[in-house]
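Note: the block below is data-v1.tsv and it holds TSV, C-alpha atoms.
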chain	number	residue	atom	x	y	z
A	14	MET	CA	17.60	-8.32	27.38
A	15	ALA	CA	18.61	-9.69	30.76
A	16	ASN	CA	16.27	-8.68	33.58
A	17	GLU	CA	17.20	-5.98	36.10
A	18	LYS	CA	18.21	-8.37	38.88
A	19	GLU	CA	20.63	-10.18	36.59
A	20	MET	CA	22.14	-6.88	35.50
A	21	GLN	CA	22.65	-5.98	39.16
A	22	GLY	CA	24.26	-9.33	39.85
A	23	ASN	CA	21.61	-10.45	42.38
A	24	GLU	CA	21.00	-13.70	40.53
A	25	ALA	CA	23.09	-16.08	38.50
A	26	PRO	CA	23.04	-15.21	34.77
A	27	ALA	CA	20.38	-17.07	32.83
A	28	GLU	CA	21.55	-19.86	30.57
A	29	CYS	CA	21.24	-19.14	26.83
A	30	THR	CA	18.51	-21.16	25.11
A	31	HIS	CA	19.53	-19.96	21.61
A	32	ASN	CA	16.01	-18.64	21.06
A	33	CYS	CA	16.34	-14.87	21.40
A	34	SER	CA	12.60	-14.25	21.24
A	35	THR	CA	12.10	-15.94	24.64
A	36	CYS	CA	15.55	-16.21	26.21
A	37	SER	CA	16.52	-13.82	29.05
A	38	ALA	CA	20.25	-14.43	28.86
A	39	ASN	CA	22.47	-11.46	28.06
A	40	CYS	CA	24.91	-13.03	25.65
A	41	GLY	CA	26.41	-12.64	22.19
A	42	SER	CA	23.45	-14.36	20.60
A	43	LYS	CA	21.35	-11.29	21.40
A	44	LYS	CA	22.46	-9.78	18.11
A	45	GLN	CA	19.72	-11.96	16.56
A	46	SER	CA	17.04	-10.05	18.48
A	47	MET	CA	16.65	-7.72	15.49
A	48	PHE	CA	15.00	-10.57	13.60
A	49	GLU	CA	11.26	-11.07	13.49
A	50	ALA	CA	10.03	-14.07	15.47
A	51	ILE	CA	8.80	-16.89	13.28
A	52	ASN	CA	5.25	-18.15	13.77
A	53	PRO	CA	5.23	-20.08	17.09
A	54	LEU	CA	3.77	-23.14	15.35
A	55	SER	CA	6.70	-23.24	12.91
A	56	MET	CA	10.22	-24.60	13.14
A	57	VAL	CA	12.68	-24.02	10.30
A	58	GLY	CA	16.08	-25.65	10.30
A	59	LYS	CA	17.81	-23.65	7.56
A	60	VAL	CA	16.91	-20.48	5.67
A	61	ILE	CA	18.54	-19.66	2.34
A	62	GLY	CA	17.87	-16.58	0.25
A	63	ILE	CA	18.03	-16.78	-3.55
A	64	VAL	CA	19.03	-13.33	-4.80
A	65	SER	CA	20.11	-11.50	-7.92
A	66	GLY	CA	21.46	-8.06	-8.65
A	67	LYS	CA	19.18	-7.65	-11.65
A	68	GLY	CA	15.96	-9.11	-12.98
A	69	GLY	CA	15.46	-11.70	-15.69
A	70	VAL	CA	18.32	-14.02	-14.76
A	71	GLY	CA	16.18	-17.00	-13.72
A	72	LYS	CA	16.22	-16.61	-9.95
A	73	SER	CA	12.79	-18.22	-9.53
A	74	MET	CA	13.87	-21.11	-11.77
A	75	VAL	CA	16.90	-21.73	-9.55
A	76	THR	CA	14.69	-21.52	-6.44
A	77	SER	CA	12.20	-24.02	-7.87
A	78	LEU	CA	14.80	-26.51	-9.08
A	79	SER	CA	16.70	-26.35	-5.79
A	80	ALA	CA	13.51	-26.95	-3.80
A	81	VAL	CA	12.59	-29.93	-5.99
A	82	GLU	CA	16.05	-31.44	-5.62
A	83	LEU	CA	16.09	-30.96	-1.84
A	84	ARG	CA	12.64	-32.54	-1.56
A	85	ARG	CA	13.82	-35.57	-3.52
A	86	ARG	CA	16.63	-35.97	-1.02
A	87	GLY	CA	14.04	-36.40	1.70
A	88	TYR	CA	13.99	-32.92	3.20
A	89	LYS	CA	10.88	-31.01	4.22
A	90	VAL	CA	11.11	-27.86	2.11
A	91	GLY	CA	9.25	-24.56	1.99
A	92	ILE	CA	9.43	-21.64	-0.45
A	93	LEU	CA	8.69	-18.10	0.70
A	94	ASP	CA	8.04	-16.09	-2.46
A	95	ALA	CA	9.22	-12.61	-1.51
A	96	ASP	CA	8.83	-11.27	-5.05
A	97	ILE	CA	5.50	-9.62	-4.24
A	98	THR	CA	5.00	-7.65	-7.44
A	99	GLY	CA	6.24	-10.36	-9.80
A	100	PRO	CA	5.51	-13.75	-8.20
A	101	SER	CA	6.14	-16.81	-10.35
A	102	ILE	CA	6.64	-19.69	-7.92
A	103	PRO	CA	2.94	-20.80	-7.79
A	104	LYS	CA	2.80	-20.93	-11.58
A	105	ALA	CA	5.90	-23.14	-11.78
A	106	PHE	CA	4.33	-25.64	-9.36
A	107	GLY	CA	0.82	-25.49	-10.79
A	108	LEU	CA	-0.72	-24.02	-7.64
A	109	SER	CA	-4.06	-22.22	-7.81
A	110	GLY	CA	-6.80	-21.10	-5.45
A	111	ILE	CA	-6.50	-19.25	-2.16
A	112	CYS	CA	-4.71	-20.36	1.01
A	113	GLU	CA	-6.76	-21.40	4.02
A	114	ALA	CA	-6.66	-19.97	7.51
A	115	ALA	CA	-4.97	-22.11	10.17
A	116	PRO	CA	-7.25	-23.46	12.95
A	117	LEU	CA	-5.25	-21.72	15.69
A	118	GLY	CA	-4.69	-18.51	13.77
A	119	GLY	CA	-2.42	-17.53	10.92
A	120	ILE	CA	-2.30	-18.79	7.34
A	121	LEU	CA	-1.56	-22.25	5.99
A	122	PRO	CA	0.84	-22.41	3.05
A	123	MET	CA	-0.15	-24.29	-0.08
A	124	GLU	CA	1.42	-27.66	-0.71
A	125	THR	CA	2.71	-28.88	-4.05
A	126	LYS	CA	2.22	-32.40	-5.39
A	127	THR	CA	5.45	-33.63	-3.82
A	128	GLY	CA	4.92	-31.84	-0.50
A	129	ILE	CA	6.82	-28.57	-0.93
A	130	GLU	CA	5.13	-25.80	1.07
A	131	VAL	CA	4.67	-22.47	-0.75
A	132	MET	CA	3.55	-19.02	0.32
A	133	SER	CA	3.18	-16.32	-2.30
A	134	VAL	CA	0.96	-13.32	-2.85
A	135	ASN	CA	-0.57	-15.16	-5.82
A	136	VAL	CA	-2.15	-17.73	-3.49
A	137	LEU	CA	-3.85	-14.90	-1.62
A	138	LEU	CA	-5.47	-13.23	-4.65
A	139	GLU	CA	-8.77	-14.26	-6.20
A	140	ASP	CA	-7.47	-13.09	-9.59
A	141	VAL	CA	-3.78	-13.86	-10.09
A	142	THR	CA	-3.62	-11.37	-12.97
A	143	SER	CA	-4.50	-8.48	-10.67
A	144	PRO	CA	-1.47	-6.21	-10.28
A	145	VAL	CA	-0.09	-5.64	-6.80
A	146	VAL	CA	0.08	-1.84	-6.77
A	147	TRP	CA	1.59	-1.31	-3.35
A	148	ARG	CA	4.28	0.99	-2.04
A	149	GLY	CA	7.54	-0.31	-0.62
A	150	PRO	CA	6.64	-0.35	3.09
A	151	VAL	CA	3.45	-2.35	2.43
A	152	ILE	CA	5.34	-4.87	0.29
A	153	ALA	CA	8.05	-5.21	2.94
A	154	GLY	CA	5.40	-5.71	5.62
A	155	THR	CA	3.80	-8.48	3.57
A	156	VAL	CA	7.11	-10.32	3.34
A	157	LYS	CA	7.48	-10.10	7.13
A	158	GLN	CA	3.98	-11.53	7.54
A	159	PHE	CA	4.90	-14.49	5.35
A	160	TRP	CA	7.49	-15.25	8.04
A	161	THR	CA	5.53	-14.35	11.17
A	162	ASP	CA	1.92	-15.28	10.29
A	163	VAL	CA	2.27	-18.36	8.08
A	164	VAL	CA	2.11	-21.71	9.87
A	165	TRP	CA	5.00	-23.45	8.14
A	166	GLY	CA	5.12	-26.36	10.55
A	167	ASP	CA	8.38	-28.30	10.74
A	168	LEU	CA	10.73	-27.59	7.81
A	169	ASP	CA	14.28	-28.73	7.24
A	170	CYS	CA	14.92	-25.91	4.80
A	171	MET	CA	13.21	-22.75	3.58
A	172	LEU	CA	14.19	-21.04	0.34
A	173	ILE	CA	13.31	-17.36	-0.03
A	174	ASP	CA	12.86	-16.19	-3.62
A	175	CYS	CA	13.86	-12.52	-3.36
A	176	PRO	CA	13.06	-9.83	-5.92
A	177	PRO	CA	16.08	-8.48	-7.83
A	178	GLY	CA	18.23	-5.61	-6.70
A	179	THR	CA	19.19	-4.21	-3.30
A	180	GLY	CA	16.02	-2.29	-2.45
A	181	ASP	CA	13.29	-2.47	0.18
A	182	VAL	CA	12.36	-6.16	0.01
A	183	PRO	CA	15.85	-7.74	-0.12
A	184	LEU	CA	16.84	-5.39	2.71
A	185	THR	CA	13.75	-6.44	4.69
A	186	VAL	CA	14.61	-10.11	4.19
A	187	PHE	CA	18.23	-9.57	5.23
A	188	GLN	CA	17.30	-7.59	8.33
A	189	SER	CA	14.14	-9.37	9.49
A	190	ILE	CA	14.74	-13.06	8.77
A	191	PRO	CA	17.71	-15.04	10.15
A	192	LEU	CA	19.28	-16.14	6.88
A	193	ASP	CA	21.88	-18.89	7.00
A	194	GLY	CA	23.20	-17.77	3.62
A	195	ILE	CA	22.36	-16.60	0.13
A	196	VAL	CA	22.79	-17.99	-3.36
A	197	ILE	CA	23.52	-15.32	-5.98
A	198	VAL	CA	22.07	-15.96	-9.44
A	199	THR	CA	23.53	-14.25	-12.46
A	200	SER	CA	23.96	-14.56	-16.24
A	201	PRO	CA	26.98	-14.53	-18.60
A	202	GLN	CA	27.15	-10.87	-19.67
A	203	ASP	CA	29.76	-8.14	-19.29
A	204	LEU	CA	27.48	-6.20	-16.95
A	205	VAL	CA	27.41	-9.16	-14.58
A	206	SER	CA	30.61	-8.32	-12.70
A	207	LEU	CA	29.20	-5.01	-11.50
A	208	ILE	CA	25.83	-6.55	-10.62
A	209	VAL	CA	27.41	-9.42	-8.70
A	210	GLU	CA	29.67	-7.03	-6.84
A	211	LYS	CA	26.63	-5.05	-5.64
A	212	ALA	CA	24.97	-8.25	-4.33
A	213	VAL	CA	28.19	-9.43	-2.68
A	214	ASN	CA	28.80	-6.08	-1.01
A	215	MET	CA	25.23	-5.96	0.30
A	216	ALA	CA	25.62	-9.43	1.80
A	217	LYS	CA	28.89	-8.43	3.44
A	218	LEU	CA	27.36	-5.22	4.75
A	219	MET	CA	24.53	-7.21	6.35
A	220	ASN	CA	26.89	-9.98	7.55
A	221	ILE	CA	25.09	-12.66	5.51
A	222	PRO	CA	27.17	-15.69	4.40
A	223	ILE	CA	27.33	-16.36	0.66
A	224	VAL	CA	26.72	-20.02	-0.20
A	225	GLY	CA	27.87	-19.51	-3.78
A	226	ILE	CA	27.02	-18.18	-7.20
A	227	VAL	CA	24.96	-19.78	-9.98
A	228	GLU	CA	25.32	-18.76	-13.60
A	229	ASN	CA	22.00	-19.27	-15.38
A	230	MET	CA	21.56	-19.26	-19.18
A	231	SER	CA	25.24	-20.13	-19.40
A	232	TYR	CA	24.88	-21.94	-22.72
A	233	VAL	CA	22.47	-23.81	-24.93
A	234	LYS	CA	23.18	-27.36	-26.04
A	235	CYS	CA	22.67	-28.21	-29.69
A	236	PRO	CA	20.02	-30.97	-29.90
A	237	ASP	CA	21.79	-32.53	-32.90
A	238	CYS	CA	25.50	-32.56	-32.06
A	239	GLY	CA	25.47	-31.76	-28.34
A	240	LYS	CA	27.83	-28.80	-28.74
A	241	GLU	CA	27.54	-26.07	-26.12
A	242	ILE	CA	26.77	-22.71	-27.71
A	243	HIS	CA	27.43	-19.61	-25.60
A	244	ILE	CA	24.86	-17.26	-27.05
A	245	PHE	CA	25.49	-14.56	-24.42
A	246	GLY	CA	29.25	-14.79	-24.80
A	247	GLU	CA	31.90	-16.80	-23.04
A	248	SER	CA	31.40	-17.30	-19.33
A	249	LYS	CA	33.35	-15.06	-16.96
A	250	ILE	CA	31.87	-16.55	-13.84
A	251	GLU	CA	35.07	-18.25	-12.69
A	252	GLU	CA	36.97	-14.96	-12.74
A	253	ILE	CA	34.19	-13.17	-10.88
A	254	ALA	CA	33.95	-15.92	-8.27
A	255	ALA	CA	37.72	-15.89	-7.75
A	256	LYS	CA	37.69	-12.10	-7.31
A	257	PHE	CA	35.18	-12.31	-4.47
A	258	ASN	CA	36.39	-15.68	-3.15
A	259	ILE	CA	33.02	-17.40	-3.51
A	260	PRO	CA	32.36	-20.83	-5.06
A	261	VAL	CA	30.64	-21.42	-8.39
A	262	LEU	CA	27.78	-23.81	-7.62
A	263	ALA	CA	26.51	-24.44	-11.13
A	264	LYS	CA	26.42	-23.26	-14.74
A	265	LEU	CA	22.88	-23.88	-15.91
A	266	PRO	CA	21.98	-24.15	-19.60
A	267	ILE	CA	19.04	-22.61	-21.42
A	268	ASP	CA	16.63	-25.55	-21.47
A	269	PRO	CA	13.35	-25.13	-23.39
A	270	ALA	CA	12.02	-28.27	-21.68
A	271	LEU	CA	12.40	-26.69	-18.24
A	272	ALA	CA	10.74	-23.50	-19.42
A	273	ALA	CA	7.82	-25.55	-20.75
A	274	MET	CA	7.50	-27.34	-17.39
A	275	CYS	CA	7.31	-23.99	-15.57
A	276	ASP	CA	4.64	-22.79	-17.97
A	277	ALA	CA	2.68	-26.01	-17.44
A	278	GLY	CA	3.14	-25.98	-13.66
A	279	THR	CA	5.02	-29.27	-13.70
A	280	ILE	CA	8.52	-28.27	-12.60
A	281	GLU	CA	8.48	-31.17	-10.12
A	282	LEU	CA	8.61	-33.57	-13.09
A	283	CYS	CA	12.12	-32.40	-13.95
A	284	GLU	CA	14.24	-35.54	-14.12
A	285	ASN	CA	17.74	-34.16	-14.64
A	286	ASP	CA	20.25	-33.29	-11.93
A	287	THR	CA	20.50	-29.62	-12.90
A	288	ALA	CA	20.33	-28.37	-9.31
A	289	ALA	CA	22.19	-31.24	-7.62
A	290	SER	CA	25.30	-29.18	-6.86
A	291	ILE	CA	23.20	-26.27	-5.57
A	292	ALA	CA	21.24	-28.56	-3.26
A	293	GLU	CA	24.46	-30.11	-2.00
A	294	ALA	CA	25.89	-26.69	-1.14
A	295	ILE	CA	22.71	-25.79	0.72
A	296	GLU	CA	22.86	-29.10	2.59
A	297	ASN	CA	26.41	-28.31	3.72
A	298	GLN	CA	25.68	-24.73	4.75
A	299	PRO	CA	25.71	-24.37	8.58
A	300	SER	CA	22.34	-23.41	10.07
A	301	ARG	CA	21.23	-21.38	13.05
A	302	VAL	CA	18.70	-22.58	15.61
A	303	ILE	CA	15.38	-20.86	14.96
Reformat the file's structure so that it appears as structure tokens.
Amino acid sequence: MANEKEMQGNEAPAECTHNCSTCSANCGSKKQSMFEAINPLSMVGKVIGIVSGKGGVGKSMVTSLSAVELRRRGYKVGILDADITGPSIPKAFGLSGICEAAPLGGILPMETKTGIEVMSVNVLLEDVTSPVVWRGPVIAGTVKQFWTDVVWGDLDCMLIDCPPGTGDVPLTVFQSIPLDGIVIVTSPQDLVSLIVEKAVNMAKLMNIPIVGIVENMSYVKCPDCGKEIHIFGESKIEEIAAKFNIPVLAKLPIDPALAAMCDAGTIELCENDTAASIAEAIENQPSRVI
């Protein structure tokens, strides 16, 4: 808020610095003051949430592949794993052990082989098989701490792997972290239209831009003839995207090789351009100053 003298007109209005956590100007940018302040030793250029209306559609796979592709394009990338009760990002990248404390306070994220920074509850647990039996407010608070207490350093882009649905954690992410946009991940089933509509309406309600929609498990390619087999039925993603006026970023196939890489913790060895169009859309998404 502007100080009392400025409100009384005794001094010239302060100039906006575009950093609402420290700026005293009383301007339109103050609407961002609801967001939690990022760790003071961190600077993030762009923040993109990866969301889904339901579980099991491959949201973490899309997050991982997008991060790998962005890293290959020369960007400094971080992944905030907000799926506290079902984290899978560390497994996909072969991360193990426990994060270290930062010298000046806070927590240091783990770094993958290619330099992607990752924070997840599974790199804070001595036993990764231990269930996280926490209530909603505690889980939401943990997600906030991943933003406020982790020393991310200087990142060009952060991807936030959100849990499915429109409950406590996605709401916490939308309200507490200044997202530049979200990518909605879905699958080719009749139920999808309703699920996508819920995610779209939540984004609109929270005034979050939608980067686009990704259809995962769209088809499987026959290894012998190369024919695309739509085992979940014909795709309706184009119709859904047209209804909500959002772009289709990619139709990803079921790929046993990718699944094996995630199981082995070697997702960074993926050599295809599966996520190229997703990474390009994230590149082109306008960013706020954090």
*If we count all atoms listed in the file, what is near A:Ile173 at a cut-off of 7 Å, once residues fewer than 3 positions away on the same chain are taken out, given as a ChimeraX atom specification?*
/A:61-63,92-95
With a distance cut-off of 6 Å and only C-alpha atoms, select the neighbouring residues of A:Gly91, excluding the residue or stretch itself and same-chain residues fewer than 3 positions from it, and output the selection as a PDB file with C-alpha atoms, in the frame of the given file.
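Written output follows (result_21.pdb):
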ATOM      1  CA  ILE A 129       6.820 -28.570  -0.930  1.00  0.00           C
ATOM      2  CA  GLU A 130       5.130 -25.800   1.070  1.00  0.00           C
ATOM      3  CA  VAL A 131       4.670 -22.470  -0.750  1.00  0.00           C
ATOM      4  CA  MET A 171      13.210 -22.750   3.580  1.00  0.00           C
TER       5      MET A 171
END
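Among the candidate residues A:Pro183, A:Gly110, A:Gly166, A:Gly128, the one lying nearest to A:Gly58 is A:Gly166, with distances computed using all atoms listed in the file.
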Can you tell me which residues surround A:Val156 at a distance of at most 12 Å, considering all atoms listed in the file, apart from same-chain residues fewer than 5 positions away, and format the answer as a short mmCIF file (atom, residue, chain, number, x, y, z; two decimals) with C-alpha atoms, keeping the file's coordinate frame?
data_model
loop_
_atom_site.label_atom_id
_atom_site.label_comp_id
_atom_site.auth_asym_id
_atom_site.auth_seq_id
_atom_site.Cartn_x
_atom_site.Cartn_y
_atom_site.Cartn_z
CA GLU A 49 11.26 -11.07 13.49
CA LEU A 93 8.69 -18.10 0.70
CA ASP A 94 8.04 -16.09 -2.46
CA ALA A 95 9.22 -12.61 -1.51
CA ASP A 96 8.83 -11.27 -5.05
CA ILE A 97 5.50 -9.62 -4.24
CA THR A 98 5.00 -7.65 -7.44
CA MET A 132 3.55 -19.02 0.32
CA SER A 133 3.18 -16.32 -2.30
CA VAL A 134 0.96 -13.32 -2.85
CA GLY A 149 7.54 -0.31 -0.62
CA PRO A 150 6.64 -0.35 3.09
CA VAL A 151 3.45 -2.35 2.43
CA THR A 161 5.53 -14.35 11.17
CA ASP A 162 1.92 -15.28 10.29
CA VAL A 163 2.27 -18.36 8.08
CA ILE A 173 13.31 -17.36 -0.03
CA ASP A 174 12.86 -16.19 -3.62
CA CYS A 175 13.86 -12.52 -3.36
CA PRO A 176 13.06 -9.83 -5.92
CA ASP A 181 13.29 -2.47 0.18
CA VAL A 182 12.36 -6.16 0.01
CA PRO A 183 15.85 -7.74 -0.12
CA LEU A 184 16.84 -5.39 2.71
CA THR A 185 13.75 -6.44 4.69
CA VAL A 186 14.61 -10.11 4.19
CA PHE A 187 18.23 -9.57 5.23
CA GLN A 188 17.30 -7.59 8.33
CA SER A 189 14.14 -9.37 9.49
CA ILE A 190 14.74 -13.06 8.77
#
*List the neighbours of stretch 217-228 of chain A out to 10 Å using all atoms listed in the file; skip same-chain residues closer than 3 positions along the sequence, and give me the result as a PyMOL selection string.*
chain A and resi 61-65+70-72+75+184+187-188+191-201+205+209+211-214+231-232+248-251+253-254+258-266+288+290-291+294-295+297-299
*Quick one: of A:Asn52, A:Asn135, A:Thr125, A:Asn229, who's nearest to A:Gly69, counting only C-alpha atoms?*
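Comparing A:Asn52, A:Asn135, A:Thr125, A:Asn229 against A:Gly69, the winner is A:Asn229.
Counting from atom CA of A:Pro177, the distance to atom CA of A:Asp140 is 24.1 Å.
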*Neighbours of A:Asp286 within 10 Å (only C-alpha atoms; same-chain residues fewer than 6 positions away dropped), as a list in words?*
Leu78, Ser79, Glu82 and Ala292 of chain A
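Here atom CA of A:Glu281 and atom CA of A:Val90 stand 12.9 Å from one another.
Of note, atom CA of A:Ala50 and atom CA of A:Gly154 are spaced 13.7 Å apart.
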*Which is closest to A:Leu108 among A:Cys170, A:Asp237, A:Thr287, A:Met123, if we use only C-alpha atoms?*
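Smallest distance to A:Leu108 is found for A:Met123.
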*For A:Leu271, which residue out of A:Ala114, A:Val146, A:Val141, A:Met230 is the nearest one, using all atoms listed in the file?*
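Of all the options, A:Met230 lies closest to A:Leu271.
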*Go through A:Ile111, A:Ile120, A:Ala272, A:Leu168 and flag the residue nearest A:Leu138, using only C-alpha atoms for the distances.*
A:Ile111
*Return the single residue from A:Asp268, A:Ile208, A:Trp160, A:Met215 that is closest to A:Pro236, with distances computed using only C-alpha atoms.*
A:Asp268
Set up a box along x, y and z of the file covering all listed atoms of stretch 171-176 of chain A, add 6 Å on every one of the six sides, and write the centre and edge lengths in Å to one decimal, as JSON.
{"center_x": 13.5, "center_y": -16.3, "center_z": -1.2, "size_x": 13.3, "size_y": 24.9, "size_z": 21.5}
